[in-house]
file protein_3.cif (mmCIF, C-alpha atoms and all ligand atoms)
data_model
loop_
_atom_site.label_atom_id
_atom_site.label_comp_id
_atom_site.auth_asym_id
_atom_site.auth_seq_id
_atom_site.Cartn_x
_atom_site.Cartn_y
_atom_site.Cartn_z
CA MET A 216 -0.50 -13.92 -15.46
CA LEU A 217 -3.70 -13.92 -13.38
CA ASP A 218 -7.14 -15.25 -14.29
CA SER A 219 -9.47 -12.69 -15.81
CA LYS A 220 -13.23 -12.18 -15.87
CA LEU A 221 -13.63 -8.63 -17.25
CA LEU A 222 -11.10 -7.38 -19.78
CA VAL A 223 -10.49 -4.19 -21.68
CA ILE A 224 -8.72 -5.07 -24.92
CA LYS A 225 -7.21 -2.17 -26.86
CA ILE A 226 -6.22 -2.67 -30.48
CA GLY A 227 -3.77 -0.11 -31.88
CA SER A 228 -3.91 1.33 -35.39
CA ASN A 229 -0.87 -0.65 -36.49
CA VAL A 230 -2.49 -3.95 -35.65
CA LEU A 231 -5.42 -3.17 -37.93
CA THR A 232 -3.36 -1.88 -40.85
CA GLN A 233 -0.94 -3.47 -43.28
CA GLU A 234 2.48 -1.98 -44.02
CA ASN A 235 0.94 -0.22 -47.04
CA GLY A 236 -1.67 1.47 -44.83
CA LEU A 237 -4.60 -0.61 -46.10
CA PRO A 238 -6.87 -2.18 -43.44
CA ASP A 239 -5.69 -5.65 -42.35
CA LEU A 240 -9.13 -7.24 -42.46
CA GLU A 241 -7.73 -10.76 -42.09
CA ARG A 242 -6.05 -9.79 -38.80
CA MET A 243 -9.19 -7.99 -37.66
CA GLU A 244 -11.35 -11.04 -38.36
CA LYS A 245 -8.92 -13.33 -36.47
CA LEU A 246 -8.94 -11.01 -33.44
CA VAL A 247 -12.75 -10.94 -33.48
CA ALA A 248 -12.79 -14.77 -33.49
CA GLN A 249 -10.31 -14.85 -30.60
CA ILE A 250 -12.39 -12.34 -28.62
CA GLN A 251 -15.38 -14.63 -29.14
CA ASP A 252 -13.32 -17.55 -27.83
CA LEU A 253 -12.69 -15.52 -24.68
CA THR A 254 -16.39 -14.72 -24.23
CA SER A 255 -17.24 -18.41 -24.72
CA LEU A 256 -14.94 -19.05 -21.75
CA GLY A 257 -17.28 -16.80 -19.73
CA LYS A 258 -15.10 -13.67 -19.88
CA LYS A 259 -16.61 -10.24 -20.62
CA VAL A 260 -14.77 -7.95 -23.03
CA VAL A 261 -14.85 -4.23 -23.77
CA LEU A 262 -12.99 -3.38 -26.98
CA VAL A 263 -11.13 -0.08 -27.37
CA SER A 264 -10.25 0.14 -31.05
CA SER A 265 -8.12 2.65 -32.91
CA GLY A 266 -8.14 2.62 -36.69
CA ALA A 267 -10.72 5.28 -37.63
CA VAL A 268 -8.10 7.64 -39.04
CA ALA A 269 -6.21 4.74 -40.65
CA PHE A 270 -9.39 3.39 -42.31
CA GLY A 271 -10.44 6.85 -43.47
CA ARG A 272 -6.98 7.70 -44.81
CA GLN A 273 -6.95 4.72 -47.14
CA ALA A 274 -10.46 5.44 -48.47
CA ILE A 275 -10.57 9.22 -48.78
CA PRO A 276 -7.71 10.89 -50.68
CA LEU A 277 -7.23 14.51 -49.53
CA PRO A 278 -5.11 17.39 -50.85
CA GLU A 279 -1.66 17.36 -49.21
CA LYS A 280 -1.96 21.04 -48.34
CA LEU A 281 -5.32 20.67 -46.53
CA ASN A 282 -5.17 21.76 -42.88
CA PRO A 283 -3.90 18.71 -40.87
CA VAL A 284 -6.67 19.09 -38.26
CA PHE A 285 -9.31 19.00 -41.00
CA LYS A 286 -7.59 15.97 -42.55
CA LYS A 287 -7.67 14.10 -39.21
CA GLN A 288 -11.32 15.00 -38.67
CA ILE A 289 -12.33 14.00 -42.20
CA TRP A 290 -10.41 10.72 -42.05
CA ALA A 291 -11.66 9.92 -38.52
CA SER A 292 -15.31 10.67 -39.32
CA THR A 293 -15.28 8.76 -42.62
CA GLY A 294 -13.07 6.00 -41.23
CA GLN A 295 -15.07 5.31 -38.04
CA ILE A 296 -18.08 4.22 -40.12
CA ARG A 297 -15.92 1.74 -42.04
CA LEU A 298 -14.22 0.51 -38.89
CA ILE A 299 -17.37 -0.13 -36.88
CA ASN A 300 -19.22 -1.67 -39.83
CA GLN A 301 -16.36 -4.07 -40.35
CA TYR A 302 -16.49 -5.05 -36.67
CA GLN A 303 -20.26 -5.48 -36.82
CA ASN A 304 -19.96 -7.75 -39.88
CA PHE A 305 -17.25 -9.90 -38.30
CA PHE A 306 -18.92 -10.17 -34.87
CA GLU A 307 -22.34 -10.92 -36.38
CA LYS A 308 -20.86 -14.04 -38.00
CA HIS A 309 -20.51 -15.28 -34.39
CA GLY A 310 -23.96 -14.04 -33.39
CA GLN A 311 -22.38 -11.33 -31.23
CA ALA A 312 -24.16 -7.95 -31.01
CA VAL A 313 -21.90 -4.89 -30.67
CA ALA A 314 -22.39 -1.28 -29.59
CA GLN A 315 -20.43 1.82 -30.63
CA ILE A 316 -19.39 4.40 -27.99
CA LEU A 317 -17.49 7.54 -29.03
CA VAL A 318 -16.09 9.68 -26.21
CA THR A 319 -13.87 12.63 -25.37
CA LYS A 320 -11.85 13.30 -22.23
CA GLU A 321 -14.64 15.57 -21.00
CA ASP A 322 -16.88 12.52 -20.62
CA PHE A 323 -14.63 11.24 -17.82
CA ARG A 324 -14.28 14.55 -15.98
CA ASP A 325 -17.70 15.13 -14.49
CA ARG A 326 -18.52 12.42 -11.91
CA LYS A 327 -22.26 12.32 -12.76
CA HIS A 328 -21.50 12.10 -16.50
CA PHE A 329 -18.89 9.44 -15.75
CA LEU A 330 -21.37 7.36 -13.73
CA ASN A 331 -23.97 7.61 -16.52
CA MET A 332 -21.40 6.26 -18.96
CA LYS A 333 -20.42 3.50 -16.50
CA ASN A 334 -24.09 2.48 -16.15
CA CYS A 335 -24.39 2.27 -19.93
CA PHE A 336 -21.41 -0.08 -20.15
CA GLN A 337 -22.81 -2.23 -17.33
CA ALA A 338 -26.22 -2.41 -19.06
CA LEU A 339 -24.63 -3.45 -22.38
CA LEU A 340 -22.43 -6.10 -20.76
CA SER A 341 -25.36 -7.44 -18.69
CA GLN A 342 -27.22 -8.09 -21.97
CA GLY A 343 -24.23 -9.80 -23.58
CA ILE A 344 -23.56 -6.88 -25.94
CA LEU A 345 -19.91 -6.10 -26.68
CA PRO A 346 -19.08 -2.35 -26.39
CA ILE A 347 -16.58 -0.97 -28.93
CA ILE A 348 -15.20 2.40 -27.80
CA ASN A 349 -13.05 4.95 -29.59
CA GLU A 350 -12.18 8.58 -29.15
CA ASN A 351 -14.58 10.92 -30.92
CA ASP A 352 -11.83 12.47 -33.03
CA THR A 353 -14.35 14.46 -35.04
CA VAL A 354 -15.01 16.82 -32.12
CA THR A 355 -11.90 16.50 -29.95
CA ILE A 356 -9.53 19.44 -30.10
CA THR A 357 -6.14 19.45 -28.42
CA GLU A 358 -7.05 19.91 -24.78
CA LEU A 359 -9.97 17.48 -25.08
CA MET A 360 -7.96 14.76 -26.76
CA PHE A 361 -6.67 11.69 -24.97
CA THR A 362 -2.94 11.24 -25.53
CA ASP A 363 -4.04 8.19 -27.45
CA ASN A 364 -6.28 5.16 -27.06
CA ASP A 365 -3.93 3.69 -24.44
CA GLU A 366 -5.13 6.45 -22.11
CA LEU A 367 -8.74 5.82 -23.16
CA ALA A 368 -8.24 2.10 -22.45
CA SER A 369 -6.82 2.89 -19.00
CA LEU A 370 -9.74 5.22 -18.14
CA THR A 371 -12.23 2.62 -19.41
CA ALA A 372 -10.64 -0.22 -17.42
CA ALA A 373 -10.80 1.90 -14.24
CA MET A 374 -14.39 2.95 -14.98
CA ILE A 375 -15.76 -0.61 -15.40
CA ASN A 376 -13.51 -2.12 -12.70
CA ALA A 377 -11.86 -4.45 -15.20
CA ASP A 378 -9.37 -6.93 -13.73
CA THR A 379 -7.29 -6.95 -16.93
CA MET A 380 -6.23 -4.47 -19.59
CA MET A 381 -4.53 -5.70 -22.78
CA LEU A 382 -2.75 -3.19 -25.04
CA LEU A 383 -2.26 -4.85 -28.42
CA THR A 384 0.42 -3.16 -30.48
CA ASN A 385 2.90 -4.20 -33.19
CA VAL A 386 5.69 -5.45 -30.89
CA ASP A 387 5.75 -8.21 -28.25
CA GLY A 388 6.04 -5.72 -25.39
CA ILE A 389 8.59 -3.33 -23.90
CA PHE A 390 12.17 -4.11 -24.87
CA THR A 391 15.45 -3.06 -23.28
CA GLY A 392 16.20 -1.20 -26.53
CA ASN A 393 14.93 -0.88 -30.07
CA PRO A 394 12.72 -3.96 -30.60
CA SER A 395 14.32 -4.56 -34.01
CA ASP A 396 17.80 -4.72 -32.42
CA PRO A 397 18.71 -8.43 -31.86
CA ASP A 398 20.55 -7.43 -28.67
CA SER A 399 17.36 -5.95 -27.18
CA GLU A 400 15.53 -8.20 -24.73
CA LEU A 401 11.83 -8.35 -23.97
CA ILE A 402 10.96 -7.20 -20.45
CA GLU A 403 8.49 -9.91 -19.47
CA LYS A 404 7.46 -8.60 -16.04
CA VAL A 405 7.12 -5.12 -14.55
CA SER A 406 6.40 -4.67 -10.82
CA SER A 407 6.68 -1.84 -8.31
CA LYS A 408 9.70 -3.57 -6.78
CA MET A 409 11.68 -3.42 -10.05
CA PRO A 410 13.90 -0.61 -11.42
CA GLU A 411 12.29 2.07 -13.63
CA VAL A 412 11.50 0.74 -17.11
CA SER A 413 10.80 4.03 -18.90
CA ASN A 414 14.55 4.61 -19.41
CA TYR A 415 14.47 1.84 -22.04
CA ILE A 416 11.69 3.47 -24.04
CA SER A 417 12.37 5.80 -26.97
CA ALA A 418 9.85 8.34 -28.18
CA SER A 419 9.68 6.59 -31.54
CA LYS A 420 6.25 5.47 -32.63
CA SER A 421 5.06 3.00 -35.19
CA SER A 422 3.76 4.37 -38.48
CA PHE A 423 0.16 5.08 -37.48
CA GLY A 424 0.55 5.14 -33.69
CA ARG A 425 -0.17 8.35 -31.81
CA GLY A 426 1.03 7.98 -28.23
CA GLY A 427 4.05 5.73 -28.52
CA MET A 428 5.41 3.23 -26.01
CA LEU A 429 6.02 5.91 -23.37
CA THR A 430 2.28 6.59 -23.13
CA LYS A 431 1.58 2.88 -23.19
CA TYR A 432 3.98 2.33 -20.30
CA ALA A 433 2.59 5.26 -18.29
CA MET A 434 -1.00 4.07 -18.70
CA ALA A 435 -0.03 0.46 -17.98
CA LYS A 436 1.77 1.43 -14.78
CA LYS A 437 -1.09 3.66 -13.59
CA SER A 438 -3.61 0.86 -14.21
CA ALA A 439 -1.43 -1.73 -12.45
CA ASP A 440 -1.07 0.65 -9.48
CA LEU A 441 -4.89 0.73 -9.33
CA GLY A 442 -5.08 -3.07 -9.11
CA ILE A 443 -5.53 -4.00 -12.79
CA GLN A 444 -3.21 -6.53 -14.42
CA VAL A 445 -1.87 -5.12 -17.70
CA ILE A 446 -0.46 -6.93 -20.70
CA ILE A 447 1.35 -5.22 -23.57
CA ALA A 448 1.48 -7.73 -26.43
CA ASN A 449 1.74 -8.05 -30.19
CA GLY A 450 -1.67 -7.97 -31.84
CA LYS A 451 -0.08 -9.40 -35.00
CA ARG A 452 0.78 -12.70 -33.23
CA GLU A 453 -1.29 -15.42 -34.85
CA ASN A 454 -3.18 -16.49 -31.72
CA VAL A 455 -2.36 -13.68 -29.29
CA LEU A 456 -5.61 -13.90 -27.29
CA GLY A 457 -5.57 -17.70 -27.24
CA GLU A 458 -2.03 -17.63 -25.86
CA PHE A 459 -3.23 -15.12 -23.25
CA ALA A 460 -6.07 -17.44 -22.28
CA ASP A 461 -3.70 -20.38 -21.75
CA LYS A 462 -1.08 -18.17 -20.10
CA SER A 463 1.59 -18.95 -22.70
CA LEU A 464 1.72 -15.46 -24.25
CA ARG A 465 5.12 -13.79 -24.83
CA CYS A 466 4.44 -10.24 -23.63
CA THR A 467 5.21 -7.59 -21.01
CA TRP A 468 3.06 -8.27 -17.94
CA PHE A 469 2.46 -5.59 -15.28
CA GLU A 470 1.84 -7.05 -11.83
CA PRO A 471 -1.29 -5.45 -10.29
CA GLN A 472 -1.05 -3.72 -6.90
CA LYS A 473 -3.78 -3.88 -4.24
CA ALA A 474 -7.09 -3.01 -5.93
CA LYS A 475 -8.46 0.51 -5.34
CA HIS A 476 -12.24 1.16 -5.22
CA GLY A 477 -14.13 2.87 -8.04
CA ALA A 478 -14.00 6.49 -6.84
CA LYS A 479 -10.23 6.34 -6.24
CA LYS A 480 -9.76 4.85 -9.71
CA TRP A 481 -11.77 7.70 -11.18
CA LEU A 482 -9.75 10.25 -9.21
CA ALA A 483 -6.41 8.66 -10.11
CA HIS A 484 -7.03 9.66 -13.75
CA GLY A 485 -8.15 13.13 -12.71
CA GLU A 486 -4.79 14.85 -12.99
CA HIS A 487 -5.92 16.75 -16.09
CA TYR A 488 -9.37 17.54 -14.79
CA TYR A 489 -8.80 19.46 -11.56
CA VAL A 490 -10.76 22.72 -11.33
CA GLY A 491 -9.27 24.21 -8.15
CA GLU A 492 -6.11 23.90 -6.03
CA ILE A 493 -5.66 23.53 -2.28
CA THR A 494 -2.46 24.28 -0.35
CA ILE A 495 -2.31 22.40 2.95
CA ASN A 496 -0.09 22.84 6.01
CA GLU A 497 2.44 20.33 7.33
CA GLY A 498 0.02 18.89 9.86
CA ALA A 499 -2.60 18.16 7.21
CA LYS A 500 0.09 16.70 4.92
CA SER A 501 1.30 14.20 7.51
CA SER A 502 -2.30 13.36 8.32
CA LEU A 503 -3.26 12.68 4.69
CA THR A 504 -0.14 10.68 3.90
CA ALA A 505 -0.25 8.58 7.08
CA GLU A 506 -1.35 4.93 6.98
CA VAL A 507 -4.54 5.68 8.94
CA ILE A 508 -7.60 6.85 6.97
CA ARG A 509 -8.10 10.66 7.05
CA SER A 510 -10.23 13.34 5.35
CA LEU A 511 -9.05 16.90 4.60
CA LEU A 512 -10.47 19.35 7.15
CA PRO A 513 -10.54 23.16 6.67
CA ILE A 514 -8.25 23.59 9.71
CA GLY A 515 -5.38 22.17 7.61
CA ILE A 516 -5.94 24.38 4.57
CA ILE A 517 -3.67 27.40 4.01
CA LYS A 518 -4.88 28.56 0.58
CA LEU A 519 -7.55 27.86 -2.06
CA GLU A 520 -7.20 28.76 -5.73
CA GLY A 521 -9.89 28.75 -8.42
CA GLU A 522 -13.65 28.68 -8.26
CA PHE A 523 -15.18 25.25 -7.87
CA SER A 524 -18.50 23.60 -7.12
CA LYS A 525 -19.44 20.55 -5.05
CA GLY A 526 -18.29 17.45 -6.93
CA ASP A 527 -15.36 19.09 -8.78
CA ILE A 528 -11.88 17.57 -8.67
CA LEU A 529 -9.27 19.55 -6.71
CA LEU A 530 -5.49 19.29 -6.73
CA ILE A 531 -3.80 19.18 -3.31
CA ARG A 532 -0.32 20.68 -2.84
CA ASP A 533 1.90 21.01 0.23
CA GLU A 534 3.46 24.30 1.34
CA THR A 535 6.37 23.82 -1.09
CA GLY A 536 3.93 23.45 -4.00
CA HIS A 537 4.59 19.69 -4.34
CA LYS A 538 1.56 17.80 -5.66
CA ILE A 539 0.20 15.51 -2.93
CA GLY A 540 -2.97 14.17 -4.48
CA LEU A 541 -6.47 14.78 -5.82
CA GLY A 542 -9.87 14.92 -4.16
CA ARG A 543 -13.52 15.62 -4.83
CA ALA A 544 -14.94 18.82 -3.29
CA GLU A 545 -17.73 18.23 -0.73
CA TYR A 546 -18.81 21.88 -1.09
CA SER A 547 -18.11 24.96 -3.23
CA SER A 548 -15.11 27.31 -3.13
CA LYS A 549 -17.42 30.03 -1.78
CA VAL A 550 -18.26 27.98 1.31
CA ALA A 551 -14.72 26.59 1.58
CA ASN A 552 -13.17 30.09 1.66
CA GLU A 553 -15.40 30.96 4.63
CA ARG A 554 -14.11 27.92 6.56
CA ILE A 555 -10.34 27.97 5.84
CA GLY A 556 -8.33 27.45 9.06
CA GLN A 557 -11.42 26.92 11.20
CA LYS A 558 -11.90 24.03 13.65
CA ASN A 559 -14.97 21.74 13.82
CA GLN A 560 -15.91 22.22 10.19
CA LYS A 561 -17.04 19.52 7.72
CA ALA A 562 -14.23 17.97 5.65
CA LEU A 563 -13.70 19.68 2.26
CA ILE A 564 -12.49 16.33 0.91
CA HIS A 565 -13.85 13.07 2.34
CA TYR A 566 -11.41 10.15 2.47
CA ASP A 567 -13.52 8.04 0.11
CA TYR A 568 -12.89 10.69 -2.55
CA LEU A 569 -9.23 11.33 -1.80
CA TYR A 570 -6.37 9.90 -3.92
CA ILE A 571 -2.84 10.39 -2.61
CA PHE A 572 -0.08 10.06 -5.27
CA ASP A 573 2.47 7.27 -4.74
CA HIS A 574 0.64 6.16 -1.64
CA ASP A 575 -2.89 4.99 -2.39
N1 LIG A 601 11.64 0.11 -25.49
C1 LIG A 601 10.69 -0.11 -26.45
N2 LIG A 601 10.12 -1.33 -26.55
C2 LIG A 601 9.16 -1.57 -27.48
N3 LIG A 601 8.70 -0.63 -28.38
C3 LIG A 601 9.25 0.60 -28.32
C4 LIG A 601 10.25 0.92 -27.35
N4 LIG A 601 10.59 2.22 -27.52
C5 LIG A 601 9.86 2.68 -28.55
N5 LIG A 601 9.04 1.73 -29.04
C6 LIG A 601 8.12 1.94 -30.16
O1 LIG A 601 6.75 2.02 -29.70
C7 LIG A 601 5.91 1.53 -30.75
C8 LIG A 601 4.53 1.15 -30.21
O2 LIG A 601 3.83 2.36 -29.83
P1 LIG A 601 2.70 2.99 -30.83
O3 LIG A 601 3.36 3.35 -32.08
O4 LIG A 601 1.95 4.04 -30.11
O5 LIG A 601 1.79 1.71 -31.10
P2 LIG A 601 0.18 1.62 -31.12
O6 LIG A 601 -0.27 2.18 -32.40
O7 LIG A 601 -0.07 0.16 -30.97
O8 LIG A 601 -0.33 2.38 -29.90
C9 LIG A 601 6.68 0.32 -31.27
O9 LIG A 601 6.30 0.03 -32.62
C10 LIG A 601 8.15 0.80 -31.19
O10 LIG A 601 8.54 1.33 -32.43
N1 LIG A 602 -9.28 7.70 -32.44
C1 LIG A 602 -8.00 7.46 -33.13
C2 LIG A 602 -7.07 6.78 -32.13
C3 LIG A 602 -5.61 6.94 -32.49
C4 LIG A 602 -4.72 6.21 -31.53
O1 LIG A 602 -4.79 6.32 -30.33
O2 LIG A 602 -3.88 5.36 -32.23
P1 LIG A 602 -2.92 4.25 -31.53
O3 LIG A 602 -1.81 5.01 -30.84
O4 LIG A 602 -2.49 3.44 -32.69
O5 LIG A 602 -3.76 3.46 -30.57
C5 LIG A 602 -8.24 6.53 -34.34
O6 LIG A 602 -9.16 5.71 -34.28
O7 LIG A 602 -7.49 6.65 -35.33
#

call {"tool": "encode", "arguments": {"input": "protein_3.cif", "output": "structure tokens"}}
result
Amino acid sequence: MLDSKLLVIKIGSNVLTQENGLPDLERMEKLVAQIQDLTSLGKKVVLVSSGAVAFGRQAIPLPEKLNPVFKKQIWASTGQIRLINQYQNFFEKHGQAVAQILVTKEDFRDRKHFLNMKNCFQALLSQGILPIINENDTVTITELMFTDNDELASLTAAMINADTMMLLTNVDGIFTGNPSDPDSELIEKVSSKMPEVSNYISASKSSFGRGGMLTKYAMAKKSADLGIQVIIANGKRENVLGEFADKSLRCTWFEPQKAKHGAKKWLAHGEHYYVGEITINEGAKSSLTAEVIRSLLPIGIIKLEGEFSKGDILLIRDETGHKIGLGRAEYSSKVANERIGQKNQKALIHYDYLYIFDHD
């Protein structure tokens, strides 16, 4: 486990709720105290917290037959108030000011919007204020929803250039089988040099979880590939954050790869946000996937699909349709279509805004 200065700590619904579904305020208060211990060591923390739906569900009884989307929205909107007020009360006992940020996936799509959000986080952290972020379930509909707060935590860690992301759940980490099976073993380290771990993960979720361990693993791996160390640990462990601080924590640790810079981290999460598609020829493909730095020039483009503007995210495919990577458009589809195949034209995608899958 590596030293950490800027952490994103995600707390799952099951950590904040008891078996009976009631909020586990004792656990919440202990985690707040442990977060404060980390900040007193000079670390900065951004908290991604689930629990809005869980807190609302226990407070607001609803008719069984009510539309499930309405139920989620009612519980999330009534629960978020309770959740954030509880955090504010617990953190204020330590003299810690907190801020609430509610987001949807759309807030990470547009680069300008993304940078505004990033500036807000930096301003809060520079003033010693602890941001608490959650998905704005009240307004998110299917395509705007994150898979769960593990994805939100991964996007947030990339956005603020965190060196560490901790996903606190209700098990010690990823096991080689069902965690409750005594024959299952905890996988304590995951690195790019090791065999695929996802084969051990079942789709089962804990009672209030949304994404499950598969999402957790996918987000952890993506973040580690971007240079962020990731820890999946049990938020119900008595002193989980203290054990992290002294590097004695029983958990699943993802070894970080070489750190990528901000724009590439933003792009790496852009797989759901692309607006247009580019098909490139073999020459352009070998150029983009070579070790040497390259931009994508119009001469290497065979086909463009979709209408896009400068700044939009584009998906890059090779001639077989295989996804190669993502990039930010330097100019619109109108201009790009006039330049396809031509020499001596400005790059459509500049290297600084190019992310090649399984390479970068
Ligand atoms: N191989 C595995 N190792 C650990 N947990 C697993 C595995 N496969 C499935 N799970 C399930 O994933 C659950 C954690 O995911 P999730 O329910 O989304 O938690 P959270 O609410 O913290 O996000 C565990 O409670 C466990 O039931
Ligand atoms: N915004 C939702 C997040 C749900 C969610 O991602 O739950 P989990 O899988 O337990 O982290 C809530 O607060 O209930």

call {"tool": "residues_near_ligand", "arguments": {"input": "protein_3.cif", "ligand": "ligand LIG 602 (chain A)", "cutoff": "9 Å", "atoms": "all atoms listed in the file", "output": "ChimeraX atom specification"}}
result
/A:225-231,263-271,287,290-291,294-295,298,317,349-353,361-367,382-384,420-428,430-431

call {"tool": "axis_aligned_box", "arguments": {"input": "protein_3.cif", "around": "segment 320-333 of chain A", "padding_each_side": "4 Å", "output": "JSON"}}
result
{"center_x": -17.9, "center_y": 9.5, "center_z": -17.1, "size_x": 20.1, "size_y": 20.1, "size_z": 18.3}

call {"tool": "residues_near_point", "arguments": {"input": "protein_3.cif", "point": "(-17.0, 19.3, -5.9)", "cutoff": "6 Å", "atoms": "all atoms listed in the file", "output": "PyMOL selection string"}}
result
chain A and resi 524-527+543-546

call {"tool": "atom_distance", "arguments": {"input": "protein_3.cif", "atom1": "atom CA of Glu520 of chain A", "atom2": "atom CA of Glu492 of chain A"}}
result
5.0 Å

call {"tool": "residues_around", "arguments": {"input": "protein_3.cif", "residues": "segment 330-336 of chain A", "least_positions_apart": "6", "cutoff": "12 Å", "atoms": "only C-alpha atoms", "output": "compact mmCIF listing (two decimals) with C-alpha atoms, keeping the file's coordinate frame"}}
result
# COMPACT_ATOMS: atom_id res chain seq x y z
CA LEU A 221 -13.63 -8.63 -17.25
CA VAL A 223 -10.49 -4.19 -21.68
CA LYS A 259 -16.61 -10.24 -20.62
CA VAL A 260 -14.77 -7.95 -23.03
CA VAL A 261 -14.85 -4.23 -23.77
CA LEU A 262 -12.99 -3.38 -26.98
CA VAL A 313 -21.90 -4.89 -30.67
CA ALA A 314 -22.39 -1.28 -29.59
CA GLN A 315 -20.43 1.82 -30.63
CA ILE A 316 -19.39 4.40 -27.99
CA LEU A 317 -17.49 7.54 -29.03
CA VAL A 318 -16.09 9.68 -26.21
CA THR A 319 -13.87 12.63 -25.37
CA GLU A 321 -14.64 15.57 -21.00
CA ASP A 322 -16.88 12.52 -20.62
CA PHE A 323 -14.63 11.24 -17.82
CA ARG A 324 -14.28 14.55 -15.98
CA GLN A 342 -27.22 -8.09 -21.97
CA GLY A 343 -24.23 -9.80 -23.58
CA ILE A 344 -23.56 -6.88 -25.94
CA LEU A 345 -19.91 -6.10 -26.68
CA PRO A 346 -19.08 -2.35 -26.39
CA ILE A 347 -16.58 -0.97 -28.93
CA ILE A 348 -15.20 2.40 -27.80
CA LEU A 370 -9.74 5.22 -18.14
CA THR A 371 -12.23 2.62 -19.41
CA ALA A 372 -10.64 -0.22 -17.42
CA ALA A 373 -10.80 1.90 -14.24
CA MET A 374 -14.39 2.95 -14.98
CA ILE A 375 -15.76 -0.61 -15.40
CA ASN A 376 -13.51 -2.12 -12.70
CA ALA A 377 -11.86 -4.45 -15.20
CA GLY A 477 -14.13 2.87 -8.04
CA ALA A 478 -14.00 6.49 -6.84
CA TRP A 481 -11.77 7.70 -11.18

call {"tool": "closest_residue", "arguments": {"input": "protein_3.cif", "among": "A:Ala248, A:Leu253, A:Ile389, A:Ala274", "to": "ligand LIG 601 (chain A)", "atoms": "only C-alpha atoms and all ligand atoms"}}
result
A:Ile389

call {"tool": "closest_residue", "arguments": {"input": "protein_3.cif", "among": "A:Ala368, A:Ala312, A:Val284, A:Ala474", "to": "Met434 of chain A", "atoms": "all atoms listed in the file"}}
result
A:Ala368

call {"tool": "atom_distance", "arguments": {"input": "protein_3.cif", "atom1": "atom CA of Ile517 of chain A", "atom2": "atom CA of Asp325 of chain A"}}
result
26.3 Å

call {"tool": "build_atoms", "arguments": {"input": "protein_3.cif", "residues": "segment 247-257 of chain A", "atoms": "N, CA, C and O atoms", "output": "mmCIF file, keeping the file's coordinate frame"}}
result
data_model
loop_
_atom_site.group_PDB
_atom_site.id
_atom_site.type_symbol
_atom_site.label_atom_id
_atom_site.label_comp_id
_atom_site.auth_asym_id
_atom_site.auth_seq_id
_atom_site.Cartn_x
_atom_site.Cartn_y
_atom_site.Cartn_z
ATOM 1 N N VAL A 247 -11.329 -10.832 -33.847
ATOM 2 C CA VAL A 247 -12.750 -10.940 -33.480
ATOM 3 C C VAL A 247 -13.052 -12.382 -33.058
ATOM 4 O O VAL A 247 -13.673 -12.630 -32.021
ATOM 5 N N ALA A 248 -12.556 -13.345 -33.830
ATOM 6 C CA ALA A 248 -12.790 -14.770 -33.490
ATOM 7 C C ALA A 248 -12.162 -15.100 -32.148
ATOM 8 O O ALA A 248 -12.763 -15.810 -31.314
ATOM 9 N N GLN A 249 -10.977 -14.572 -31.877
ATOM 10 C CA GLN A 249 -10.310 -14.850 -30.600
ATOM 11 C C GLN A 249 -11.049 -14.198 -29.431
ATOM 12 O O GLN A 249 -11.132 -14.759 -28.335
ATOM 13 N N ILE A 250 -11.595 -12.994 -29.676
ATOM 14 C CA ILE A 250 -12.390 -12.340 -28.620
ATOM 15 C C ILE A 250 -13.609 -13.202 -28.311
ATOM 16 O O ILE A 250 -13.960 -13.431 -27.144
ATOM 17 N N GLN A 251 -14.212 -13.748 -29.342
ATOM 18 C CA GLN A 251 -15.380 -14.630 -29.140
ATOM 19 C C GLN A 251 -14.994 -15.885 -28.365
ATOM 20 O O GLN A 251 -15.748 -16.379 -27.526
ATOM 21 N N ASP A 252 -13.785 -16.384 -28.608
ATOM 22 C CA ASP A 252 -13.320 -17.550 -27.830
ATOM 23 C C ASP A 252 -13.226 -17.183 -26.346
ATOM 24 O O ASP A 252 -13.570 -17.987 -25.475
ATOM 25 N N LEU A 253 -12.790 -15.959 -26.081
ATOM 26 C CA LEU A 253 -12.690 -15.520 -24.680
ATOM 27 C C LEU A 253 -14.083 -15.414 -24.060
ATOM 28 O O LEU A 253 -14.304 -15.867 -22.927
ATOM 29 N N THR A 254 -15.026 -14.862 -24.809
ATOM 30 C CA THR A 254 -16.390 -14.720 -24.230
ATOM 31 C C THR A 254 -17.026 -16.100 -24.051
ATOM 32 O O THR A 254 -17.771 -16.331 -23.106
ATOM 33 N N SER A 255 -16.664 -17.050 -24.906
ATOM 34 C CA SER A 255 -17.240 -18.410 -24.720
ATOM 35 C C SER A 255 -16.637 -19.090 -23.488
ATOM 36 O O SER A 255 -17.187 -20.055 -22.970
ATOM 37 N N LEU A 256 -15.513 -18.538 -23.005
ATOM 38 C CA LEU A 256 -14.940 -19.050 -21.750
ATOM 39 C C LEU A 256 -15.577 -18.357 -20.543
ATOM 40 O O LEU A 256 -15.150 -18.527 -19.404
ATOM 41 N N GLY A 257 -16.575 -17.487 -20.816
ATOM 42 C CA GLY A 257 -17.280 -16.800 -19.730
ATOM 43 C C GLY A 257 -16.694 -15.451 -19.378
ATOM 44 O O GLY A 257 -17.109 -14.785 -18.439
#
